[in-house]
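Each remark here refers to the structure printed beneath this line.
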Amino acid sequence: MKDEIYNELKDKAPLLSSIEKKHLFDTPENYFEQLPSAIQQKIKQTETNTFKTLFSKLLKPQFAIGLSVILLAGSFYLYNQYKTENNQYAFVAVNVDSLNVNELSDMLDTDQLESIAPTDNDADTETINYLIENYNDLSYDINDI
Amino acid sequence: MNHYSDKELLEQFNNGNADYAFNLIVRKYQQKIYAHVRHLVVDHDDADDLTQTTFIKAWKALGNFRADAQLYTWLYRIATNECYTFLKNKRKRFFIPIHDVEAELTEKLEHEPSLKANELELKLQKAILSLPEKQRVVFTLRYYDEMKYEDMSAVLGTSVGALKASYHHAAQKIEKFLQSF
């Protein structure tokens with residue numbers, strides 16, 4: 001590389017190419033021995049400062065007001081949502097007899113419907129079988145159980 | 001001086017050994033980055049600040065560093081951009097026209113106690129400072145850092161052809177400057 005650079009210059013800039021290249025600028029004693037630890041120290045300082053700056057920004061009045069407005073708006077939204085859902089369940093509870101299945105499924109979410117609707121008939125079948133096996137009185141009407 | 005390759009250092013950095021690996025990266029490149037910055041801003045304190053800023057920025061971004069890019073050209077890129085920003089801010093802060101920042105740097109150069117240069121070498125430094133900013137960076141990277149044009153292209157985001165032309169213009173201007181005294 002050195003030769004390539006020298007050859008590049010020797011015809012076009014003979015005076016320049018004749019100057020011997022060397023480090024012209026001195027540095028303070030032990031500068032390069034101390035520089036890595038100075039950099040590491042600054043990095044740690046910067047990381048602490050970033051956290052402090054973020055925290056102090058949050059404490060500034062304009063940020064505090066902004067944050068309060070956001071929290072209030074969020075609380076209001078969540079409260080309204082909760083209220084609407086509760087009203088819907090109250091309506092369903094009062095009018096459950098007059099509503100058909102489709103209307104019910106529209107008003108309640110699927111989880112709610114599953115918890116209301118009987119999904120497991122095995123328990124009933126087991127009970128009936130138990131009664132047939134253990135009660136010999138055939139006059140007993142099984143449907144009355 | 002450590003003998004780890006950039007790839008090995010990056011692997012160590014990403015595998016939970018970040019502090020140690022980064023320390024080795026700093027030790028490996030600090031002298032080159034400092035020298036590059038010092039040629040552009042002349043003053044030791046400014047060069048020291050900019051070198052530290054370069055490595056701090058590198059630390060912050062190293063987690064997202066693409067393995068296909070070269071670590072050393074990436075560090076040079078950060079350092080060069082820091083120098084551009086530094087010189088731009090200097091102009092803005094003092095409302096100095098462009099050439100005056102260079103005049104200020106030349107003045108600093110003449111009174112720089114840490115500069116160990118003979119008359120011709122001092123002239124060369126002045127000639128370099130008389131170049132337009134981008135040309136100065138191109139010349140410094142090629143002449144002092146002996147960087148390949150392909151790597152310079154990665155540092156400066158300029159085509160190899162344009163860099164060759166820029167370097168030759170710079171060399172001719174410097175030659176004229178040296179001959180005129």
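Chain labels follow the order of the structure tokens: the first chain is A, the next B, and so on; residue numbering restarts at 1 in every chain, and ligands are counted from 1 in their shown order.
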
Residues of chain B within 9 Å of chain A, counting only C-alpha atoms, what are they? List them as a compact mmCIF listing (two decimals) with C-alpha atoms, in the first residue's frame.
# COMPACT_ATOMS: atom_id res chain seq x y z
CA ASP B 19 -17.21 -4.44 28.27
CA PHE B 22 -15.22 -3.03 23.62
CA ASN B 23 -12.12 -2.19 25.63
CA LEU B 24 -10.08 -4.23 23.17
CA VAL B 26 -10.83 0.91 21.70
CA ARG B 27 -7.24 -0.21 22.28
CA GLN B 30 -7.75 4.54 19.33
CA GLN B 31 -4.47 5.70 17.80
CA ALA B 35 -4.64 10.69 14.43
CA ARG B 38 -6.30 15.37 14.97
CA HIS B 39 -5.36 16.00 11.33
CA VAL B 42 -5.56 20.20 14.89
CA HIS B 44 -5.46 18.06 21.04
CA ASP B 48 -9.57 14.03 22.45
CA GLN B 52 -14.10 9.82 22.94
CA THR B 53 -17.45 10.79 21.36
CA PHE B 55 -16.17 5.49 20.67
CA ILE B 56 -19.16 6.32 22.89
CA TRP B 59 -20.62 1.58 21.95
CA LYS B 60 -24.26 2.63 21.71
CA GLU B 112 0.74 24.29 18.53
CA PRO B 113 3.45 23.30 21.01
CA SER B 114 2.92 19.58 20.40
CA LEU B 115 3.64 19.89 16.66
CA LYS B 116 7.11 18.56 15.98
CA ALA B 117 7.56 19.60 12.37
CA LEU B 120 8.48 21.83 4.97
CA GLU B 121 6.28 19.63 7.16
CA LEU B 124 2.41 20.64 4.25
CA ARG B 142 -5.28 8.25 1.65
CA TYR B 143 -2.00 9.98 2.47
CA TYR B 144 -1.75 9.46 6.24
CA GLU B 146 -3.01 4.77 3.68
CA MET B 147 -6.56 3.59 3.19
CA LYS B 148 -7.69 1.70 0.09
CA HIS B 168 -5.30 13.77 -7.31
CA ALA B 171 -2.24 16.34 -4.25
CA GLN B 172 -1.76 18.80 -7.12
CA ILE B 174 -0.70 20.78 -2.19
CA GLU B 175 2.24 20.46 -4.57
CA LYS B 176 1.55 23.96 -5.91
CA LEU B 178 4.54 23.75 -1.37
CA GLN B 179 6.31 25.07 -4.47

| task | Tell me, as number ranges by chain, which residues lie within 12 Å of Val37 (chain B), counting only C-alpha atoms; anything in the same chain fewer than 6 positions away does not count. | result | A: 25; B: 30-31, 43-54, 75-84, 86-87, 136-137, 140-141, 144-145

Just write the chosen residues, C-alpha atoms, as a PDB file, in the first residue's frame.
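In the end it all went to part_24.pdb:
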ATOM      1  CA  PHE A  25       1.436  15.725  16.647  1.00  0.00           C
TER       2      PHE A  25
ATOM      3  CA  GLN B  30      -7.747   4.539  19.327  1.00  0.00           C
ATOM      4  CA  GLN B  31      -4.469   5.703  17.796  1.00  0.00           C
ATOM      5  CA  ASP B  43      -6.158  20.908  18.591  1.00  0.00           C
ATOM      6  CA  HIS B  44      -5.463  18.057  21.042  1.00  0.00           C
ATOM      7  CA  ASP B  45      -8.383  18.797  23.381  1.00  0.00           C
ATOM      8  CA  ASP B  46     -10.843  18.882  20.477  1.00  0.00           C
ATOM      9  CA  ALA B  47      -9.351  15.697  19.033  1.00  0.00           C
ATOM     10  CA  ASP B  48      -9.570  14.033  22.452  1.00  0.00           C
ATOM     11  CA  ASP B  49     -13.258  14.990  22.840  1.00  0.00           C
ATOM     12  CA  LEU B  50     -14.114  13.844  19.327  1.00  0.00           C
ATOM     13  CA  THR B  51     -12.249  10.543  19.705  1.00  0.00           C
ATOM     14  CA  GLN B  52     -14.102   9.822  22.941  1.00  0.00           C
ATOM     15  CA  THR B  53     -17.446  10.786  21.363  1.00  0.00           C
ATOM     16  CA  THR B  54     -16.686   8.509  18.412  1.00  0.00           C
ATOM     17  CA  LEU B  75     -15.387   3.735  13.166  1.00  0.00           C
ATOM     18  CA  TYR B  76     -13.728   6.058  10.669  1.00  0.00           C
ATOM     19  CA  ARG B  77     -17.140   6.981   9.329  1.00  0.00           C
ATOM     20  CA  ILE B  78     -18.404   7.930  12.795  1.00  0.00           C
ATOM     21  CA  ALA B  79     -15.214   9.891  13.523  1.00  0.00           C
ATOM     22  CA  THR B  80     -15.352  11.756  10.187  1.00  0.00           C
ATOM     23  CA  ASN B  81     -19.003  12.673  10.698  1.00  0.00           C
ATOM     24  CA  GLU B  82     -18.212  13.893  14.193  1.00  0.00           C
ATOM     25  CA  CYS B  83     -15.472  16.131  12.749  1.00  0.00           C
ATOM     26  CA  TYR B  84     -17.830  17.517  10.089  1.00  0.00           C
ATOM     27  CA  PHE B  86     -17.783  19.845  15.027  1.00  0.00           C
ATOM     28  CA  LEU B  87     -16.484  22.161  12.284  1.00  0.00           C
ATOM     29  CA  ARG B 136      -9.019  17.433   3.039  1.00  0.00           C
ATOM     30  CA  VAL B 137     -10.693  14.333   4.460  1.00  0.00           C
ATOM     31  CA  THR B 140      -5.861  12.623   4.927  1.00  0.00           C
ATOM     32  CA  LEU B 141      -7.433   9.178   4.630  1.00  0.00           C
ATOM     33  CA  TYR B 144      -1.752   9.455   6.241  1.00  0.00           C
ATOM     34  CA  ASP B 145      -4.061   6.508   6.926  1.00  0.00           C
TER      35      ASP B 145
END

| task | From the DSSP assignment of the backbone, select every residue of region 113-177 of chain B that is helix (DSSP H, G or I), and format the answer as JSON, numbers by chain. | result | {"B": [119, 120, 121, 122, 123, 124, 125, 126, 127, 128, 129, 133, 134, 135, 136, 137, 138, 139, 140, 141, 142, 143, 149, 150, 151, 152, 153, 154, 155, 156, 160, 161, 162, 163, 164, 165, 166, 167, 168, 169, 170, 171, 172, 173, 174, 175, 176, 177]}

| Close residues, Leu10 (chain B) itself excluded, 10 Å, only C-alpha atoms, min 5 positions apart in chain, as a count of residues only | 14

| Which of B:Val155, B:Val160, B:Ile128, B:Val41 sits closest to Val101 (chain B) [using only C-alpha atoms] | B:Val41

| query | Could you state the separation of CA of Thr125 (chain A) and CA of Leu104 (chain A) in Å, given to one decimal place? | reply |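 If I compute the distance from CA of Thr125 (chain A) to CA of Leu104 (chain A), I get 27.4 Å.
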
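In this structure, CA of Lys134 (chain B) sits 27.8 Å away from CA of Asn64 (chain B).
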